[in-house]
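Asker: Coordinates in target03.pdb, PDB, C-alpha atoms, are listed below.
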MODEL        1
ATOM      1  CA  ALA A   1     229.385 228.795-174.737
ATOM      2  CA  SER A   2     229.860 225.442-176.434
ATOM      3  CA  SER A   3     231.989 225.136-179.522
ATOM      4  CA  PRO A   4     230.386 224.199-182.815
ATOM      5  CA  PRO A   5     230.913 220.585-183.876
ATOM      6  CA  SER A   6     233.808 219.777-186.171
ATOM      7  CA  ALA A   7     233.159 219.607-189.902
ATOM      8  CA  ALA A   8     233.239 215.796-189.725
ATOM      9  CA  SER A   9     230.619 215.580-186.958
ATOM     10  CA  ALA A  10     228.422 218.272-188.536
ATOM     11  CA  ALA A  11     228.085 216.515-191.885
ATOM     12  CA  PRO A  12     224.541 217.162-193.111
ATOM     13  CA  PRO A  13     222.059 214.369-193.754
ATOM     14  CA  ALA A  14     221.402 213.628-197.413
ATOM     15  CA  GLY A  15     219.411 216.431-199.030
ATOM     16  CA  ARG A  16     219.939 218.906-196.164
ATOM     17  CA  GLY A  17     222.208 221.912-195.771
ATOM     18  CA  ARG A  18     224.875 222.294-193.131
ATOM     19  CA  VAL A  19     223.984 223.360-189.590
ATOM     20  CA  SER A  20     224.803 227.022-189.096
ATOM     21  CA  SER A  21     227.489 227.932-186.576
ATOM     22  CA  ARG A  22     225.041 230.644-185.406
ATOM     23  CA  HIS A  23     223.415 228.043-183.149
ATOM     24  CA  TRP A  24     226.403 228.198-180.800
ATOM     25  CA  GLU A  25     226.195 231.981-180.340
ATOM     26  CA  GLU A  26     225.143 233.182-176.889
ATOM     27  CA  SER A  27     222.143 235.112-178.260
ATOM     28  CA  TRP A  28     220.603 236.365-181.484
ATOM     29  CA  SER A  29     219.477 239.905-182.284
ATOM     30  CA  LYS A  30     215.817 240.865-182.268
ATOM     31  CA  GLU A  31     215.955 241.189-186.058
ATOM     32  CA  GLU A  32     217.477 237.717-186.463
ATOM     33  CA  LEU A  33     214.859 236.192-184.161
ATOM     34  CA  ASP A  34     212.081 237.884-186.124
ATOM     35  CA  LEU A  35     213.487 236.681-189.455
ATOM     36  CA  LYS A  36     214.002 233.092-188.291
ATOM     37  CA  SER A  37     210.586 233.073-186.629
ATOM     38  CA  ARG A  38     208.987 233.991-189.946
ATOM     39  CA  GLU A  39     210.940 231.258-191.699
ATOM     40  CA  HIS A  40     210.581 228.388-189.219
ATOM     41  CA  VAL A  41     208.042 228.867-186.391
ATOM     42  CA  MET A  42     204.468 227.718-186.969
ATOM     43  CA  ALA A  43     201.360 228.745-185.030
ATOM     44  CA  SER A  44     199.407 226.014-183.255
ATOM     45  CA  TRP A  45     195.870 226.874-184.311
ATOM     46  CA  GLY A  46     195.940 229.157-187.298
ATOM     47  CA  PRO A  47     198.038 231.056-189.771
ATOM     48  CA  GLY A  48     201.527 231.897-188.539
ATOM     49  CA  SER A  49     201.111 235.420-189.844
ATOM     50  CA  SER A  50     198.720 236.122-186.968
ATOM     51  CA  GLN A  51     201.612 235.738-184.532
ATOM     52  CA  ARG A  52     204.340 237.505-186.473
ATOM     53  CA  ASN A  53     204.146 240.689-184.415
ATOM     54  CA  ASN A  54     204.061 238.929-181.060
ATOM     55  CA  PRO A  55     206.803 240.111-178.704
ATOM     56  CA  VAL A  56     209.891 238.011-178.038
ATOM     57  CA  ILE A  57     209.695 237.329-174.296
ATOM     58  CA  VAL A  58     213.050 237.042-172.532
ATOM     59  CA  ARG A  59     212.212 236.892-168.814
ATOM     60  CA  GLY A  60     209.490 236.920-166.193
ATOM     61  CA  GLU A  61     209.121 238.395-162.735
ATOM     62  CA  GLY A  62     206.115 237.903-160.473
ATOM     63  CA  CYS A  63     203.079 238.168-162.755
ATOM     64  CA  TYR A  64     204.941 240.154-165.436
ATOM     65  CA  LEU A  65     206.719 239.200-168.630
ATOM     66  CA  PHE A  66     209.414 241.314-170.289
ATOM     67  CA  ASP A  67     210.173 241.403-173.995
ATOM     68  CA  ILE A  68     213.522 241.725-175.732
ATOM     69  CA  ASP A  69     213.180 245.553-175.651
ATOM     70  CA  GLY A  70     212.484 245.584-171.889
ATOM     71  CA  LYS A  71     208.754 246.317-172.243
ATOM     72  CA  ARG A  72     206.708 244.900-169.352
ATOM     73  CA  TYR A  73     203.470 242.930-169.879
ATOM     74  CA  LEU A  74     200.974 241.794-167.254
ATOM     75  CA  ASP A  75     200.403 238.077-167.852
ATOM     76  CA  TRP A  76     196.616 237.956-167.517
ATOM     77  CA  THR A  77     196.433 234.266-168.513
ATOM     78  CA  SER A  78     199.290 232.804-166.439
ATOM     79  CA  GLN A  79     200.636 231.305-169.678
ATOM     80  CA  ALA A  80     197.343 229.543-170.383
ATOM     81  CA  ILE A  81     197.022 228.587-166.709
ATOM     82  CA  CYS A  82     200.519 227.024-166.568
ATOM     83  CA  THR A  83     202.270 229.562-164.326
ATOM     84  CA  ASN A  84     199.658 230.195-161.663
ATOM     85  CA  LEU A  85     202.311 231.075-159.085
ATOM     86  CA  GLY A  86     204.061 233.576-161.349
ATOM     87  CA  TYR A  87     207.645 233.662-162.551
ATOM     88  CA  ASP A  88     209.583 233.833-159.307
ATOM     89  CA  VAL A  89     210.660 230.295-158.521
ATOM     90  CA  PRO A  90     211.584 230.000-154.830
ATOM     91  CA  PRO A  91     215.188 228.933-154.141
ATOM     92  CA  ALA A  92     214.030 225.728-152.414
ATOM     93  CA  VAL A  93     212.134 224.700-155.568
ATOM     94  CA  GLN A  94     215.136 225.539-157.788
ATOM     95  CA  THR A  95     217.348 223.406-155.558
ATOM     96  CA  ALA A  96     214.907 220.490-155.556
ATOM     97  CA  VAL A  97     214.498 220.621-159.349
ATOM     98  CA  SER A  98     218.270 220.806-159.884
ATOM     99  CA  ARG A  99     218.826 217.874-157.532
ATOM    100  CA  GLN A 100     216.184 215.787-159.330
ATOM    101  CA  LEU A 101     217.585 216.677-162.777
ATOM    102  CA  ALA A 102     221.066 215.642-161.649
ATOM    103  CA  THR A 103     219.773 212.383-160.143
ATOM    104  CA  LEU A 104     217.058 211.200-162.544
ATOM    105  CA  PRO A 105     215.466 213.663-164.974
ATOM    106  CA  MET A 106     212.725 211.382-166.342
ATOM    107  CA  VAL A 107     211.051 208.031-165.822
ATOM    108  CA  TYR A 108     208.100 207.172-168.041
ATOM    109  CA  GLY A 109     205.172 206.125-165.840
ATOM    110  CA  GLY A 110     204.494 203.059-167.991
ATOM    111  CA  LEU A 111     208.038 201.810-167.412
ATOM    112  CA  ALA A 112     208.659 202.176-163.684
ATOM    113  CA  ASN A 113     207.895 204.172-160.574
ATOM    114  CA  THR A 114     210.040 206.599-158.596
ATOM    115  CA  GLU A 115     210.162 207.479-154.923
ATOM    116  CA  ILE A 116     209.164 211.105-155.557
ATOM    117  CA  ARG A 117     206.126 210.062-157.637
ATOM    118  CA  VAL A 118     204.921 207.605-154.975
ATOM    119  CA  ARG A 119     205.453 210.108-152.163
ATOM    120  CA  LEU A 120     203.634 212.909-154.043
ATOM    121  CA  ALA A 121     200.712 210.600-154.899
ATOM    122  CA  THR A 122     200.483 209.601-151.234
ATOM    123  CA  LEU A 123     200.552 213.233-150.056
ATOM    124  CA  ILE A 124     197.888 214.360-152.528
ATOM    125  CA  SER A 125     195.717 211.332-151.656
ATOM    126  CA  GLU A 126     195.814 212.344-147.992
ATOM    127  CA  LEU A 127     194.522 215.814-148.953
ATOM    128  CA  LEU A 128     191.740 214.665-151.312
ATOM    129  CA  PRO A 129     188.174 214.276-150.007
ATOM    130  CA  GLY A 130     186.383 210.972-149.542
ATOM    131  CA  ASP A 131     187.799 207.852-151.094
ATOM    132  CA  LEU A 132     189.642 209.649-153.896
ATOM    133  CA  GLY A 133     193.125 208.249-153.821
ATOM    134  CA  GLY A 134     194.361 207.253-157.274
ATOM    135  CA  LEU A 135     196.696 209.661-159.046
ATOM    136  CA  LEU A 136     197.793 209.888-162.663
ATOM    137  CA  PHE A 137     200.811 211.989-163.628
ATOM    138  CA  PRO A 138     200.376 213.039-167.266
ATOM    139  CA  SER A 139     202.972 215.137-169.057
ATOM    140  CA  GLY A 140     200.510 217.862-170.088
ATOM    141  CA  GLY A 141     196.957 219.105-170.127
ATOM    142  CA  ALA A 142     195.839 217.344-173.300
ATOM    143  CA  GLU A 143     197.100 214.023-171.963
ATOM    144  CA  ALA A 144     195.317 214.674-168.658
ATOM    145  CA  ASN A 145     192.061 215.392-170.490
ATOM    146  CA  GLU A 146     192.513 212.333-172.740
ATOM    147  CA  ALA A 147     192.855 210.215-169.598
ATOM    148  CA  ALA A 148     189.818 211.873-167.979
ATOM    149  CA  ILE A 149     187.723 211.153-171.079
ATOM    150  CA  ARG A 150     188.827 207.497-171.153
ATOM    151  CA  ILE A 151     188.199 207.097-167.413
ATOM    152  CA  ALA A 152     184.733 208.688-167.698
ATOM    153  CA  ARG A 153     183.820 206.506-170.684
ATOM    154  CA  ARG A 154     185.014 203.374-168.929
ATOM    155  CA  TYR A 155     183.251 204.241-165.672
ATOM    156  CA  THR A 156     179.916 205.274-167.255
ATOM    157  CA  GLY A 157     179.964 203.015-170.305
ATOM    158  CA  ARG A 158     178.843 206.029-172.339
ATOM    159  CA  PRO A 159     180.771 207.679-175.199
ATOM    160  CA  LYS A 160     179.287 211.195-174.956
ATOM    161  CA  ILE A 161     181.391 214.013-173.490
ATOM    162  CA  ILE A 162     179.788 217.359-172.625
ATOM    163  CA  SER A 163     181.884 220.518-172.700
ATOM    164  CA  HIS A 164     181.292 224.250-172.536
ATOM    165  CA  TYR A 165     181.054 226.581-175.505
ATOM    166  CA  ARG A 166     184.428 228.250-176.252
ATOM    167  CA  SER A 167     186.253 225.805-173.969
ATOM    168  CA  TYR A 168     189.695 224.439-174.696
ATOM    169  CA  HIS A 169     190.953 221.039-173.582
ATOM    170  CA  GLY A 170     194.169 220.403-175.532
ATOM    171  CA  GLY A 171     195.516 219.577-178.953
ATOM    172  CA  THR A 172     195.218 215.775-179.134
ATOM    173  CA  ALA A 173     192.315 214.093-180.944
ATOM    174  CA  HIS A 174     189.970 213.377-178.016
ATOM    175  CA  ALA A 175     190.864 216.611-176.216
ATOM    176  CA  VAL A 176     190.154 218.631-179.368
ATOM    177  CA  SER A 177     186.862 216.783-179.878
ATOM    178  CA  ALA A 178     185.836 217.970-176.388
ATOM    179  CA  THR A 179     186.870 221.534-177.204
ATOM    180  CA  GLY A 180     183.920 223.870-177.625
ATOM    181  CA  ASP A 181     185.117 226.157-180.415
ATOM    182  CA  PHE A 182     186.408 226.180-184.007
ATOM    183  CA  ARG A 183     189.415 223.999-183.174
ATOM    184  CA  ARG A 184     187.252 220.903-182.905
ATOM    185  CA  GLY A 185     186.782 221.161-186.671
ATOM    186  CA  PHE A 186     190.287 219.789-187.153
ATOM    187  CA  VAL A 187     189.092 216.461-185.744
ATOM    188  CA  GLU A 188     185.515 216.544-187.029
ATOM    189  CA  ALA A 189     186.686 217.180-190.607
ATOM    190  CA  SER A 190     188.675 213.937-190.462
ATOM    191  CA  GLY A 191     185.717 211.869-189.282
ATOM    192  CA  GLY A 192     186.175 212.378-185.565
ATOM    193  CA  ALA A 193     188.474 211.035-182.921
ATOM    194  CA  PRO A 194     188.838 207.276-182.797
ATOM    195  CA  VAL A 195     186.717 205.699-180.077
TER     196      VAL A 195
ENDMDL
END
Here is the file; what I need is its structure written in the form of structure tokens.
Answerer:
Amino acid sequence: ASSPPSAASAAPPAGRGRVSSRHWEESWSKEELDLKSREHVMASWGPGSSQRNNPVIVRGEGCYLFDIDGKRYLDWTSQAICTNLGYDVPPAVQTAVSRQLATLPMVYGGLANTEIRVRLATLISELLPGDLGGLLFPSGGAEANEAAIRIARRYTGRPKIISHYRSYHGGTAHAVSATGDFRRGFVEASGGAPV
């Protein structure tokens, strides 16, 4: 475990308290996690109190999640469709990810390209049907949907987006405006997403 910073390097910003040395502890108790969750963790789409009794998940295996007490849960949603292959990461993937993190962990697509991005785009293009061949590598689902909306509007020249009732497309302004449930109210109440 890392050592806490010295008193000189941990001087608090004006108006703030000192950083607790608890942050350098290997782990926190279930009770401490619950308390700090109540104090500092906000829910994305509603009152935080609705999530206060959610389990603290500590590991995954296959399609199961395990909480801090060892209770097993079947992950019916694949973490909102983000872990479709489950929680067992093959050794070859772990090695490749570690190698990439050690070499170059991030390059913003608007700044430059990387060999791995070009090679993956080429591979996917060879597998796509017809003349589909352009790839965009967004950092998340909302960004992907924002890009899809912009591409569709540019291609068709039309502003209207049709989505299903009770659908979810992300938390950014255009993605929320395409969402088919109560969450779109966050954007509509402010006059809508900028066009």
Asker: Can you tell me how far atom CA of A:Arg38 sits from atom CA of A:Asn53, in Å to one decimal?
Answerer: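 Pair atom CA of A:Arg38 / atom CA of A:Asn53 returns 9.9 Å.
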Asker: Running the PyMOL selection byres ((chain A and resi 163-173) around 9) on this model by hand, what would come out? Give it as an mmCIF file with C-alpha atoms, in the frame of the given file.
Answerer:
data_model
loop_
_atom_site.group_PDB
_atom_site.id
_atom_site.type_symbol
_atom_site.label_atom_id
_atom_site.label_comp_id
_atom_site.auth_asym_id
_atom_site.auth_seq_id
_atom_site.Cartn_x
_atom_site.Cartn_y
_atom_site.Cartn_z
ATOM 1 C CA SER A 44 199.407 226.014 -183.255
ATOM 2 C CA GLY A 140 200.510 217.862 -170.088
ATOM 3 C CA GLY A 141 196.957 219.105 -170.127
ATOM 4 C CA ALA A 142 195.839 217.344 -173.300
ATOM 5 C CA GLU A 143 197.100 214.023 -171.963
ATOM 6 C CA ASN A 145 192.061 215.392 -170.490
ATOM 7 C CA GLU A 146 192.513 212.333 -172.740
ATOM 8 C CA ILE A 161 181.391 214.013 -173.490
ATOM 9 C CA ILE A 162 179.788 217.359 -172.625
ATOM 10 C CA HIS A 174 189.970 213.377 -178.016
ATOM 11 C CA ALA A 175 190.864 216.611 -176.216
ATOM 12 C CA VAL A 176 190.154 218.631 -179.368
ATOM 13 C CA SER A 177 186.862 216.783 -179.878
ATOM 14 C CA ALA A 178 185.836 217.970 -176.388
ATOM 15 C CA THR A 179 186.870 221.534 -177.204
ATOM 16 C CA GLY A 180 183.920 223.870 -177.625
ATOM 17 C CA ASP A 181 185.117 226.157 -180.415
ATOM 18 C CA PHE A 182 186.408 226.180 -184.007
ATOM 19 C CA ARG A 183 189.415 223.999 -183.174
ATOM 20 C CA ARG A 184 187.252 220.903 -182.905
ATOM 21 C CA PHE A 186 190.287 219.789 -187.153
ATOM 22 C CA VAL A 187 189.092 216.461 -185.744
ATOM 23 C CA GLY A 192 186.175 212.378 -185.565
ATOM 24 C CA ALA A 193 188.474 211.035 -182.921
ATOM 25 C CA PRO A 194 188.838 207.276 -182.797
#
Asker: Using only C-alpha atoms, give me every residue within 6 Å of (197.3, 212.2, -157.0) in file coordinates, as number ranges by chain.
Answerer: A: 121, 124-125, 134-135
Asker: Report, in Å to a single decimal, how far apart atom CA of A:Gln51 and atom CA of A:Tyr73 are.
Answerer: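 Atom-to-atom, atom CA of A:Tyr73 to atom CA of A:Gln51, that is 16.4 Å.
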Asker: Compare A:Asp34, A:Ala147, A:Glu61, A:Ser98 by their minimum atom-to-atom distance to A:Ser49, counting all atoms listed in the file, and give me the closest one.
Answerer: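 Looking at the shortest contact to A:Ser49, the residue is A:Asp34.
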Asker: By how many Å are atom CA of A:Tyr108 and atom CA of A:Pro91 apart?
Answerer: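 Result for atom CA of A:Tyr108 versus atom CA of A:Pro91: 26.8 Å, one decimal.
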Asker: Could you write out as a list of chain:residue names the residues that the PyMOL selection byres ((chain A and resi 75) around 8) matches in the shown file?
Answerer: A:Cys63, A:Tyr64, A:Leu65, A:Tyr73, A:Leu74, A:Trp76, A:Thr77, A:Ser78, A:Gln79
Asker: Compare A:Glu126, A:Leu136, A:His40, A:Gly60 by their minimum atom-to-atom distance to A:Gly110, counting all atoms listed in the file, and give me the closest one.
Answerer: A:Leu136
Asker: Go through the shown structure with the PyMOL selection byres ((chain A and resi 116) around 12) and write out the matching residues as number ranges by chain.
Answerer: A: 96-97, 99-100, 103-107, 113-115, 117-123, 137
Asker: Please return as a ChimeraX atom specification every residue within 12 Å of (209.2, 246.7, -174.3), taking into account all atoms listed in the file and the file's own coordinates.
Answerer: /A:30,54-59,64-74
